[in-house]
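Student: Input structure: structure.cif, which contains mmCIF, C-alpha atoms.
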data_structure
loop_
_atom_site.group_PDB
_atom_site.id
_atom_site.type_symbol
_atom_site.label_atom_id
_atom_site.label_comp_id
_atom_site.auth_asym_id
_atom_site.auth_seq_id
_atom_site.Cartn_x
_atom_site.Cartn_y
_atom_site.Cartn_z
ATOM 1 C CA LEU N 1 -105.005 -34.202 -25.578
ATOM 2 C CA THR N 2 -105.446 -36.720 -28.375
ATOM 3 C CA PHE N 3 -104.597 -39.584 -26.022
ATOM 4 C CA VAL N 4 -106.829 -38.182 -23.264
ATOM 5 C CA TYR N 5 -109.765 -37.843 -25.668
ATOM 6 C CA LYS N 6 -109.179 -41.366 -27.044
ATOM 7 C CA ILE N 7 -109.217 -42.845 -23.534
ATOM 8 C CA PHE N 8 -111.850 -40.735 -21.745
ATOM 9 C CA GLY N 9 -113.846 -39.293 -24.640
ATOM 10 C CA PRO N 10 -114.135 -35.585 -25.424
ATOM 11 C CA SER N 11 -114.262 -34.507 -21.774
ATOM 12 C CA VAL N 12 -112.894 -31.059 -21.051
ATOM 13 C CA MET N 13 -112.957 -31.725 -17.297
ATOM 14 C CA ILE N 14 -110.588 -34.693 -17.517
ATOM 15 C CA ALA N 15 -108.109 -32.671 -19.590
ATOM 16 C CA ARG N 16 -108.220 -29.790 -17.120
ATOM 17 C CA LEU N 17 -107.877 -32.111 -14.136
ATOM 18 C CA LEU N 18 -104.777 -33.616 -15.749
ATOM 19 C CA LYS N 19 -103.381 -30.110 -16.260
ATOM 20 C CA ALA N 20 -104.067 -29.317 -12.599
ATOM 21 C CA LEU N 21 -102.304 -32.534 -11.597
ATOM 22 C CA THR N 22 -99.336 -31.628 -13.803
ATOM 23 C CA SER N 23 -99.166 -28.191 -12.182
ATOM 24 C CA THR N 24 -99.296 -29.838 -8.761
ATOM 25 C CA PHE N 25 -96.294 -32.000 -9.598
ATOM 26 C CA THR N 26 -94.514 -28.888 -10.879
ATOM 27 C CA CYS N 27 -94.963 -27.269 -7.454
ATOM 28 C CA VAL N 28 -93.693 -30.400 -5.712
ATOM 29 C CA LEU N 29 -90.616 -30.549 -7.946
ATOM 30 C CA LEU N 30 -89.883 -26.884 -7.295
ATOM 31 C CA TYR N 31 -90.129 -27.572 -3.565
ATOM 32 C CA LYS N 32 -87.716 -30.516 -3.814
ATOM 33 C CA PHE N 33 -85.230 -28.539 -5.910
ATOM 34 C CA ALA N 34 -85.243 -25.504 -3.628
ATOM 35 C CA LYS N 35 -85.074 -27.658 -0.491
ATOM 36 C CA ARG N 36 -82.047 -29.548 -1.801
ATOM 37 C CA SER N 37 -80.251 -26.398 -2.895
ATOM 38 C CA LEU N 38 -81.258 -23.784 -0.323
ATOM 39 C CA GLY N 39 -82.924 -25.492 2.642
ATOM 40 C CA GLN N 40 -86.321 -26.495 4.004
ATOM 41 C CA GLU N 41 -87.743 -22.984 4.521
ATOM 42 C CA VAL N 42 -86.827 -21.789 1.041
ATOM 43 C CA GLY N 43 -88.239 -25.008 -0.410
ATOM 44 C CA ARG N 44 -91.574 -24.400 1.266
ATOM 45 C CA MET N 45 -91.672 -20.812 0.054
ATOM 46 C CA ALA N 46 -90.811 -21.871 -3.518
ATOM 47 C CA GLY N 47 -93.575 -24.480 -3.462
ATOM 48 C CA LEU N 48 -96.109 -21.983 -2.125
ATOM 49 C CA PHE N 49 -95.094 -19.318 -4.620
ATOM 50 C CA ALA N 50 -95.598 -21.839 -7.406
ATOM 51 C CA VAL N 51 -99.007 -22.878 -6.040
ATOM 52 C CA PHE N 52 -100.236 -19.292 -6.184
ATOM 53 C CA MET N 53 -98.478 -18.348 -9.429
ATOM 54 C CA PRO N 54 -101.173 -16.766 -11.613
ATOM 55 C CA ASN N 55 -99.798 -18.216 -14.859
ATOM 56 C CA LEU N 56 -100.011 -21.800 -13.606
ATOM 57 C CA ILE N 57 -103.555 -21.213 -12.365
ATOM 58 C CA ILE N 58 -104.641 -19.709 -15.687
ATOM 59 C CA TYR N 59 -102.919 -22.442 -17.715
ATOM 60 C CA CYS N 60 -104.956 -25.114 -15.886
ATOM 61 C CA GLY N 61 -108.110 -23.676 -17.441
ATOM 62 C CA LEU N 62 -106.785 -23.462 -20.980
ATOM 63 C CA HIS N 63 -106.020 -26.057 -23.610
ATOM 64 C CA ILE N 64 -102.455 -24.955 -24.308
ATOM 65 C CA LYS N 65 -99.163 -26.782 -24.011
ATOM 66 C CA GLU N 66 -97.515 -24.418 -21.525
ATOM 67 C CA THR N 67 -98.532 -26.492 -18.488
ATOM 68 C CA GLU N 68 -96.733 -29.559 -19.796
ATOM 69 C CA MET N 69 -93.821 -27.478 -21.065
ATOM 70 C CA ILE N 70 -93.264 -25.875 -17.646
ATOM 71 C CA PHE N 71 -93.568 -29.262 -15.957
ATOM 72 C CA LEU N 72 -90.964 -30.836 -18.239
ATOM 73 C CA LEU N 73 -88.583 -27.912 -17.763
ATOM 74 C CA VAL N 74 -88.898 -27.984 -13.966
ATOM 75 C CA ALA N 75 -88.529 -31.788 -13.979
ATOM 76 C CA PHE N 76 -85.387 -31.451 -16.114
ATOM 77 C CA ILE N 77 -83.916 -28.837 -13.771
ATOM 78 C CA GLU N 78 -84.739 -30.860 -10.648
ATOM 79 C CA ARG N 79 -83.423 -34.154 -12.013
ATOM 80 C CA ALA N 80 -80.284 -32.551 -13.498
ATOM 81 C CA ASP N 81 -79.545 -30.884 -10.155
ATOM 82 C CA ASN N 82 -80.118 -34.195 -8.399
ATOM 83 C CA LEU N 83 -77.753 -35.905 -10.853
ATOM 84 C CA VAL N 84 -75.007 -33.350 -10.266
ATOM 85 C CA ARG N 85 -75.384 -33.402 -6.461
ATOM 86 C CA SER N 86 -76.096 -37.083 -5.811
ATOM 87 C CA ARG N 87 -73.394 -39.459 -4.658
ATOM 88 C CA HIS N 88 -74.912 -42.322 -6.669
ATOM 89 C CA PHE N 89 -74.275 -42.154 -10.386
ATOM 90 C CA ASN N 90 -76.298 -44.703 -12.320
ATOM 91 C CA PHE N 91 -77.729 -45.157 -15.784
ATOM 92 C CA ALA N 92 -81.340 -44.541 -14.708
ATOM 93 C CA ASN N 93 -80.575 -41.052 -13.350
ATOM 94 C CA VAL N 94 -78.669 -40.113 -16.506
ATOM 95 C CA ALA N 95 -81.368 -41.580 -18.770
ATOM 96 C CA ILE N 96 -84.121 -39.577 -17.052
ATOM 97 C CA VAL N 97 -82.217 -36.322 -17.590
ATOM 98 C CA ILE N 98 -81.553 -37.203 -21.248
ATOM 99 C CA VAL N 99 -85.198 -38.141 -21.919
ATOM 100 C CA LEU N 100 -86.460 -34.958 -20.239
ATOM 101 C CA SER N 101 -84.047 -32.792 -22.223
ATOM 102 C CA LEU N 102 -85.002 -34.450 -25.502
ATOM 103 C CA SER N 103 -88.713 -34.132 -24.665
ATOM 104 C CA LEU N 104 -88.258 -30.352 -24.406
ATOM 105 C CA PHE N 105 -87.442 -30.359 -28.139
ATOM 106 C CA LEU N 106 -91.030 -31.518 -28.771
ATOM 107 C CA PHE N 107 -92.415 -28.256 -27.373
ATOM 108 C CA ARG N 108 -89.932 -25.442 -27.975
ATOM 109 C CA THR N 109 -86.570 -25.930 -29.634
ATOM 110 C CA VAL N 110 -85.094 -22.809 -28.086
ATOM 111 C CA LEU N 111 -86.234 -23.917 -24.624
ATOM 112 C CA ALA N 112 -84.450 -27.264 -24.991
ATOM 113 C CA VAL N 113 -81.239 -25.666 -26.247
ATOM 114 C CA VAL N 114 -81.235 -23.115 -23.426
ATOM 115 C CA ALA N 115 -81.919 -25.850 -20.846
ATOM 116 C CA LEU N 116 -78.988 -27.924 -22.082
ATOM 117 C CA LEU N 117 -76.695 -24.896 -22.279
ATOM 118 C CA SER N 118 -77.691 -23.965 -18.721
ATOM 119 C CA LEU N 119 -76.732 -27.498 -17.678
ATOM 120 C CA PHE N 120 -73.310 -26.925 -19.281
ATOM 121 C CA ALA N 121 -72.925 -23.663 -17.357
ATOM 122 C CA ALA N 122 -74.024 -25.288 -14.095
ATOM 123 C CA LEU N 123 -71.524 -28.098 -14.582
ATOM 124 C CA LEU N 124 -68.713 -25.659 -15.308
ATOM 125 C CA PHE N 125 -69.431 -23.406 -12.329
ATOM 126 C CA THR N 126 -70.464 -25.983 -9.730
ATOM 127 C CA SER N 127 -68.244 -26.078 -6.682
ATOM 128 C CA SER N 128 -65.886 -29.010 -6.303
ATOM 129 C CA LYS N 129 -67.485 -29.593 -2.889
ATOM 130 C CA VAL N 130 -70.794 -30.364 -4.628
ATOM 131 C CA SER N 131 -69.456 -32.447 -7.505
ATOM 132 C CA GLY N 132 -65.922 -33.433 -8.498
ATOM 133 C CA TRP N 133 -64.331 -32.682 -11.852
ATOM 134 C CA PRO N 134 -64.300 -36.255 -13.218
ATOM 135 C CA ARG N 135 -68.070 -36.526 -12.713
ATOM 136 C CA ARG N 136 -68.701 -33.063 -14.177
ATOM 137 C CA ILE N 137 -66.567 -33.779 -17.253
ATOM 138 C CA LEU N 138 -68.479 -37.016 -17.849
ATOM 139 C CA LEU N 139 -71.803 -35.169 -17.494
ATOM 140 C CA ILE N 140 -70.616 -32.419 -19.864
ATOM 141 C CA ILE N 141 -69.770 -35.074 -22.469
ATOM 142 C CA ILE N 142 -73.172 -36.744 -22.013
ATOM 143 C CA ALA N 143 -74.970 -33.366 -22.254
ATOM 144 C CA ALA N 144 -72.962 -32.449 -25.389
ATOM 145 C CA ILE N 145 -73.875 -35.727 -27.067
ATOM 146 C CA THR N 146 -77.534 -35.168 -26.139
ATOM 147 C CA LEU N 147 -77.441 -31.609 -27.489
ATOM 148 C CA PHE N 148 -75.832 -32.636 -30.773
ATOM 149 C CA TYR N 149 -78.205 -35.573 -31.164
ATOM 150 C CA GLY N 150 -81.275 -33.523 -30.276
ATOM 151 C CA ALA N 151 -80.196 -30.470 -32.250
ATOM 152 C CA GLY N 152 -79.235 -32.337 -35.404
ATOM 153 C CA GLY N 153 -80.602 -31.631 -38.879
ATOM 154 C CA LYS N 154 -83.871 -29.727 -38.989
ATOM 155 C CA ILE N 155 -83.638 -28.581 -35.378
ATOM 156 C CA ALA N 156 -80.142 -27.142 -35.934
ATOM 157 C CA THR N 157 -81.503 -25.174 -38.885
ATOM 158 C CA GLU N 158 -84.374 -23.893 -36.739
ATOM 159 C CA VAL N 159 -82.006 -22.786 -33.961
ATOM 160 C CA GLU N 160 -79.797 -21.055 -36.521
ATOM 161 C CA THR N 161 -82.840 -19.213 -37.910
ATOM 162 C CA TYR N 162 -83.804 -18.073 -34.409
ATOM 163 C CA TRP N 163 -80.251 -16.908 -33.784
ATOM 164 C CA GLU N 164 -80.089 -14.949 -37.052
ATOM 165 C CA ASN N 165 -83.484 -13.310 -36.425
ATOM 166 C CA ARG N 166 -82.911 -12.560 -32.730
ATOM 167 C CA VAL N 167 -82.652 -8.774 -33.151
ATOM 168 C CA VAL N 168 -85.652 -8.513 -35.492
ATOM 169 C CA ASN N 169 -87.762 -10.819 -33.283
ATOM 170 C CA GLY N 170 -86.855 -8.831 -30.172
ATOM 171 C CA GLU N 171 -87.789 -5.535 -31.811
ATOM 172 C CA ARG N 172 -91.049 -7.037 -33.076
ATOM 173 C CA LYS N 173 -91.972 -8.228 -29.563
ATOM 174 C CA LEU N 174 -91.215 -4.783 -28.114
ATOM 175 C CA GLU N 175 -93.433 -3.148 -30.766
ATOM 176 C CA GLU N 176 -96.262 -5.608 -29.988
ATOM 177 C CA ARG N 177 -96.033 -4.838 -26.284
ATOM 178 C CA ALA N 178 -95.953 -1.101 -26.951
ATOM 179 C CA ARG N 179 -99.205 -1.477 -28.925
ATOM 180 C CA GLY N 180 -100.740 -3.529 -26.115
ATOM 181 C CA GLY N 181 -100.656 -6.845 -28.001
#
Starting from the coordinates I provided, produce the structure as structure tokens.

Tutor:
Amino acid sequence: LTFVYKIFGPSVMIARLLKALTSTFTCVLLYKFAKRSLGQEVGRMAGLFAVFMPNLIIYCGLHIKETEMIFLLVAFIERADNLVRSRHFNFANVAIVIVLSLSLFLFRTVLAVVALLSLFAALLFTSSKVSGWPRRILLIIIAAITLFYGAGGKIATEVETYWENRVVNGERKLEERARGG
């Protein structure tokens, strides 16, 4: 929002229009991902479900980072899936996936770690018909380097703290929900 306010002035409408545009691209990326993986009909349904998803609609009217966070996560998933499935393996495709995964660390550390670990799992369990082992091993190495680079130092300490407090945090969230919070 700082950059938006510097360029356009303190206009709430511009910020909300940009959030709506970001949500629109999220729906398009979900359509492309589902179409590539499951077919045209499922892609259309996924796009429509995303268009009418209450959370995305509500987030467009609020000044919170969830809109951008969801967009970056969906973009990471779509581009990573494209990288695994595509027949053309070039530096630009790999760089986009790396930049998107590292950008997730700017919003939520746990989200970025889970996204990269899900990429590892997808690479391990992907059918050989979709992607051969040499390509998957290379992508696993690239994802591991990205994870260790992104999760180095302070971020590694933060992830370790989350891991150690997982039971207490889970119980605390359940208590908050039980109280209606």

Student: Tell me, as a PyMOL selection string, which residues lie within 9 Å of segment 146-148 of chain N, counting only C-alpha atoms; anything in the same chain fewer than 4 positions away does not count.

Tutor: chain N and resi 98+101-102+112-113+116-117+141-142+152+156

Student: Emit the selected residues as a PDB file, keeping the file's coordinate frame, including C-alpha atoms.

Tutor:
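Result file follows (selection35.pdb):
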ATOM      1  CA  ILE N  98     -81.553 -37.203 -21.248  1.00  0.00           C
ATOM      2  CA  SER N 101     -84.047 -32.792 -22.223  1.00  0.00           C
ATOM      3  CA  LEU N 102     -85.002 -34.450 -25.502  1.00  0.00           C
ATOM      4  CA  ALA N 112     -84.450 -27.264 -24.991  1.00  0.00           C
ATOM      5  CA  VAL N 113     -81.239 -25.666 -26.247  1.00  0.00           C
ATOM      6  CA  LEU N 116     -78.988 -27.924 -22.082  1.00  0.00           C
ATOM      7  CA  LEU N 117     -76.695 -24.896 -22.279  1.00  0.00           C
ATOM      8  CA  ILE N 141     -69.770 -35.074 -22.469  1.00  0.00           C
ATOM      9  CA  ILE N 142     -73.172 -36.744 -22.013  1.00  0.00           C
ATOM     10  CA  GLY N 152     -79.235 -32.337 -35.404  1.00  0.00           C
ATOM     11  CA  ALA N 156     -80.142 -27.142 -35.934  1.00  0.00           C
TER      12      ALA N 156
END

Student: With all atoms listed in the file as the counted atoms, please give the residues lying no more than 9 Å from Leu100 of chain N, apart from itself and same-chain residues fewer than 4 positions off, as number ranges by chain.

Tutor: N: 72-73, 75-76, 79, 95-96, 104

Student: How would you write, as a list of chain:residue names, the residues chosen by the PyMOL selection byres ((chain N and resi 108) around 12) on this structure?

Tutor: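 Taken on the displayed file, the PyMOL selection byres ((chain N and resi 108) around 12) yields the residues N:Lys65, N:Glu66, N:Glu68, N:Met69, N:Ile70, N:Leu72, N:Leu73, N:Ser101, N:Leu102, N:Ser103, N:Leu104, N:Phe105, N:Leu106, N:Phe107, N:Thr109, N:Val110, N:Leu111, N:Ala112, N:Val113, N:Val114, N:Ala115, N:Ala151, N:Ile155, N:Glu158, N:Val159, N:Tyr162.
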
Student: Keeping C-alpha atoms, export the residues of the selection given above as a PDB file, keeping the file's coordinate frame.

Tutor:
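Okay, selection.pdb is ready:
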ATOM      1  CA  LYS N  65     -99.163 -26.782 -24.011  1.00  0.00           C
ATOM      2  CA  GLU N  66     -97.515 -24.418 -21.525  1.00  0.00           C
ATOM      3  CA  GLU N  68     -96.733 -29.559 -19.796  1.00  0.00           C
ATOM      4  CA  MET N  69     -93.821 -27.478 -21.065  1.00  0.00           C
ATOM      5  CA  ILE N  70     -93.264 -25.875 -17.646  1.00  0.00           C
ATOM      6  CA  LEU N  72     -90.964 -30.836 -18.239  1.00  0.00           C
ATOM      7  CA  LEU N  73     -88.583 -27.912 -17.763  1.00  0.00           C
ATOM      8  CA  SER N 101     -84.047 -32.792 -22.223  1.00  0.00           C
ATOM      9  CA  LEU N 102     -85.002 -34.450 -25.502  1.00  0.00           C
ATOM     10  CA  SER N 103     -88.713 -34.132 -24.665  1.00  0.00           C
ATOM     11  CA  LEU N 104     -88.258 -30.352 -24.406  1.00  0.00           C
ATOM     12  CA  PHE N 105     -87.442 -30.359 -28.139  1.00  0.00           C
ATOM     13  CA  LEU N 106     -91.030 -31.518 -28.771  1.00  0.00           C
ATOM     14  CA  PHE N 107     -92.415 -28.256 -27.373  1.00  0.00           C
ATOM     15  CA  THR N 109     -86.570 -25.930 -29.634  1.00  0.00           C
ATOM     16  CA  VAL N 110     -85.094 -22.809 -28.086  1.00  0.00           C
ATOM     17  CA  LEU N 111     -86.234 -23.917 -24.624  1.00  0.00           C
ATOM     18  CA  ALA N 112     -84.450 -27.264 -24.991  1.00  0.00           C
ATOM     19  CA  VAL N 113     -81.239 -25.666 -26.247  1.00  0.00           C
ATOM     20  CA  VAL N 114     -81.235 -23.115 -23.426  1.00  0.00           C
ATOM     21  CA  ALA N 115     -81.919 -25.850 -20.846  1.00  0.00           C
ATOM     22  CA  ALA N 151     -80.196 -30.470 -32.250  1.00  0.00           C
ATOM     23  CA  ILE N 155     -83.638 -28.581 -35.378  1.00  0.00           C
ATOM     24  CA  GLU N 158     -84.374 -23.893 -36.739  1.00  0.00           C
ATOM     25  CA  VAL N 159     -82.006 -22.786 -33.961  1.00  0.00           C
ATOM     26  CA  TYR N 162     -83.804 -18.073 -34.409  1.00  0.00           C
TER      27      TYR N 162
END

Student: Could you please determine the separation between atom CA of Gln40 of chain N and atom CA of Val28 of chain N in Å, to one decimal place?

Tutor: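 We find that atom CA of Gln40 of chain N and atom CA of Val28 of chain N lie 12.8 Å from each other.
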
Student: Return the single residue from N:Arg87, N:Lys6, N:Lys32, N:Lys19 that is closest to Val74 of chain N, with distances computed using only C-alpha atoms.

Tutor: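 That would be N:Lys32, the residue with the smallest distance to Val74 of chain N.
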
Student: In Å to one decimal, how far is atom CA of Phe71 of chain N from atom CA of Ile57 of chain N?

Tutor: 13.3 Å

Student: Generate the missing atoms of segment 108-131 of chain N up to N, CA, C and O atoms and report them as a PDB file, keeping the file's coordinate frame.

Tutor:
ATOM      1  N   ARG N 108     -90.606 -26.654 -27.521  1.00  0.00           N
ATOM      2  CA  ARG N 108     -89.932 -25.442 -27.975  1.00  0.00           C
ATOM      3  C   ARG N 108     -88.458 -25.765 -28.139  1.00  0.00           C
ATOM      4  O   ARG N 108     -87.775 -26.117 -27.183  1.00  0.00           O
ATOM      5  N   THR N 109     -87.962 -25.632 -29.347  1.00  0.00           N
ATOM      6  CA  THR N 109     -86.570 -25.930 -29.634  1.00  0.00           C
ATOM      7  C   THR N 109     -85.643 -25.039 -28.830  1.00  0.00           C
ATOM      8  O   THR N 109     -84.670 -25.506 -28.235  1.00  0.00           O
ATOM      9  N   VAL N 110     -85.948 -23.754 -28.795  1.00  0.00           N
ATOM     10  CA  VAL N 110     -85.094 -22.809 -28.086  1.00  0.00           C
ATOM     11  C   VAL N 110     -85.060 -23.142 -26.596  1.00  0.00           C
ATOM     12  O   VAL N 110     -84.008 -23.053 -25.954  1.00  0.00           O
ATOM     13  N   LEU N 111     -86.177 -23.541 -26.033  1.00  0.00           N
ATOM     14  CA  LEU N 111     -86.234 -23.917 -24.624  1.00  0.00           C
ATOM     15  C   LEU N 111     -85.299 -25.086 -24.336  1.00  0.00           C
ATOM     16  O   LEU N 111     -84.559 -25.074 -23.345  1.00  0.00           O
ATOM     17  N   ALA N 112     -85.308 -26.094 -25.188  1.00  0.00           N
ATOM     18  CA  ALA N 112     -84.450 -27.264 -24.991  1.00  0.00           C
ATOM     19  C   ALA N 112     -82.973 -26.889 -25.095  1.00  0.00           C
ATOM     20  O   ALA N 112     -82.155 -27.333 -24.281  1.00  0.00           O
ATOM     21  N   VAL N 113     -82.633 -26.083 -26.076  1.00  0.00           N
ATOM     22  CA  VAL N 113     -81.239 -25.666 -26.247  1.00  0.00           C
ATOM     23  C   VAL N 113     -80.775 -24.859 -25.043  1.00  0.00           C
ATOM     24  O   VAL N 113     -79.686 -25.084 -24.504  1.00  0.00           O
ATOM     25  N   VAL N 114     -81.599 -23.923 -24.591  1.00  0.00           N
ATOM     26  CA  VAL N 114     -81.235 -23.115 -23.426  1.00  0.00           C
ATOM     27  C   VAL N 114     -81.119 -23.985 -22.173  1.00  0.00           C
ATOM     28  O   VAL N 114     -80.213 -23.790 -21.352  1.00  0.00           O
ATOM     29  N   ALA N 115     -81.992 -24.958 -22.009  1.00  0.00           N
ATOM     30  CA  ALA N 115     -81.919 -25.850 -20.846  1.00  0.00           C
ATOM     31  C   ALA N 115     -80.607 -26.639 -20.852  1.00  0.00           C
ATOM     32  O   ALA N 115     -79.938 -26.746 -19.821  1.00  0.00           O
ATOM     33  N   LEU N 116     -80.230 -27.160 -22.009  1.00  0.00           N
ATOM     34  CA  LEU N 116     -78.988 -27.924 -22.082  1.00  0.00           C
ATOM     35  C   LEU N 116     -77.767 -27.020 -21.908  1.00  0.00           C
ATOM     36  O   LEU N 116     -76.797 -27.405 -21.247  1.00  0.00           O
ATOM     37  N   LEU N 117     -77.812 -25.824 -22.470  1.00  0.00           N
ATOM     38  CA  LEU N 117     -76.695 -24.896 -22.279  1.00  0.00           C
ATOM     39  C   LEU N 117     -76.593 -24.445 -20.822  1.00  0.00           C
ATOM     40  O   LEU N 117     -75.490 -24.235 -20.307  1.00  0.00           O
ATOM     41  N   SER N 118     -77.736 -24.306 -20.151  1.00  0.00           N
ATOM     42  CA  SER N 118     -77.691 -23.965 -18.721  1.00  0.00           C
ATOM     43  C   SER N 118     -77.113 -25.120 -17.909  1.00  0.00           C
ATOM     44  O   SER N 118     -76.430 -24.898 -16.903  1.00  0.00           O
ATOM     45  N   LEU N 119     -77.348 -26.353 -18.340  1.00  0.00           N
ATOM     46  CA  LEU N 119     -76.732 -27.498 -17.678  1.00  0.00           C
ATOM     47  C   LEU N 119     -75.215 -27.454 -17.843  1.00  0.00           C
ATOM     48  O   LEU N 119     -74.473 -27.697 -16.898  1.00  0.00           O
ATOM     49  N   PHE N 120     -74.746 -27.104 -19.063  1.00  0.00           N
ATOM     50  CA  PHE N 120     -73.310 -26.925 -19.281  1.00  0.00           C
ATOM     51  C   PHE N 120     -72.743 -25.887 -18.321  1.00  0.00           C
ATOM     52  O   PHE N 120     -71.717 -26.107 -17.674  1.00  0.00           O
ATOM     53  N   ALA N 121     -73.399 -24.740 -18.237  1.00  0.00           N
ATOM     54  CA  ALA N 121     -72.925 -23.663 -17.357  1.00  0.00           C
ATOM     55  C   ALA N 121     -72.919 -24.119 -15.901  1.00  0.00           C
ATOM     56  O   ALA N 121     -71.961 -23.844 -15.165  1.00  0.00           O
ATOM     57  N   ALA N 122     -73.962 -24.806 -15.477  1.00  0.00           N
ATOM     58  CA  ALA N 122     -74.024 -25.288 -14.095  1.00  0.00           C
ATOM     59  C   ALA N 122     -72.891 -26.272 -13.815  1.00  0.00           C
ATOM     60  O   ALA N 122     -72.272 -26.223 -12.747  1.00  0.00           O
ATOM     61  N   LEU N 123     -72.604 -27.132 -14.780  1.00  0.00           N
ATOM     62  CA  LEU N 123     -71.524 -28.098 -14.582  1.00  0.00           C
ATOM     63  C   LEU N 123     -70.167 -27.415 -14.531  1.00  0.00           C
ATOM     64  O   LEU N 123     -69.279 -27.832 -13.776  1.00  0.00           O
ATOM     65  N   LEU N 124     -69.989 -26.377 -15.314  1.00  0.00           N
ATOM     66  CA  LEU N 124     -68.713 -25.659 -15.308  1.00  0.00           C
ATOM     67  C   LEU N 124     -68.496 -24.867 -14.021  1.00  0.00           C
ATOM     68  O   LEU N 124     -67.373 -24.767 -13.532  1.00  0.00           O
ATOM     69  N   PHE N 125     -69.571 -24.299 -13.475  1.00  0.00           N
ATOM     70  CA  PHE N 125     -69.431 -23.406 -12.329  1.00  0.00           C
ATOM     71  C   PHE N 125     -69.801 -24.035 -10.985  1.00  0.00           C
ATOM     72  O   PHE N 125     -69.755 -23.367  -9.967  1.00  0.00           O
ATOM     73  N   THR N 126     -70.139 -25.310 -10.983  1.00  0.00           N
ATOM     74  CA  THR N 126     -70.464 -25.983  -9.730  1.00  0.00           C
ATOM     75  C   THR N 126     -69.210 -26.140  -8.887  1.00  0.00           C
ATOM     76  O   THR N 126     -68.135 -26.451  -9.405  1.00  0.00           O
ATOM     77  N   SER N 127     -69.360 -25.939  -7.611  1.00  0.00           N
ATOM     78  CA  SER N 127     -68.244 -26.078  -6.682  1.00  0.00           C
ATOM     79  C   SER N 127     -67.749 -27.516  -6.646  1.00  0.00           C
ATOM     80  O   SER N 127     -68.531 -28.462  -6.784  1.00  0.00           O
ATOM     81  N   SER N 128     -66.464 -27.665  -6.428  1.00  0.00           N
ATOM     82  CA  SER N 128     -65.886 -29.010  -6.303  1.00  0.00           C
ATOM     83  C   SER N 128     -66.406 -29.726  -5.066  1.00  0.00           C
ATOM     84  O   SER N 128     -66.347 -30.950  -4.984  1.00  0.00           O
ATOM     85  N   LYS N 129     -66.902 -28.980  -4.080  1.00  0.00           N
ATOM     86  CA  LYS N 129     -67.485 -29.593  -2.889  1.00  0.00           C
ATOM     87  C   LYS N 129     -68.797 -30.305  -3.224  1.00  0.00           C
ATOM     88  O   LYS N 129     -69.160 -31.279  -2.593  1.00  0.00           O
ATOM     89  N   VAL N 130     -69.508 -29.777  -4.227  1.00  0.00           N
ATOM     90  CA  VAL N 130     -70.794 -30.364  -4.628  1.00  0.00           C
ATOM     91  C   VAL N 130     -70.584 -31.552  -5.549  1.00  0.00           C
ATOM     92  O   VAL N 130     -71.207 -32.600  -5.399  1.00  0.00           O
ATOM     93  N   SER N 131     -69.700 -31.390  -6.527  1.00  0.00           N
ATOM     94  CA  SER N 131     -69.456 -32.447  -7.505  1.00  0.00           C
ATOM     95  C   SER N 131     -68.023 -32.327  -8.010  1.00  0.00           C
ATOM     96  O   SER N 131     -67.589 -31.243  -8.391  1.00  0.00           O
TER      97      SER N 131
END
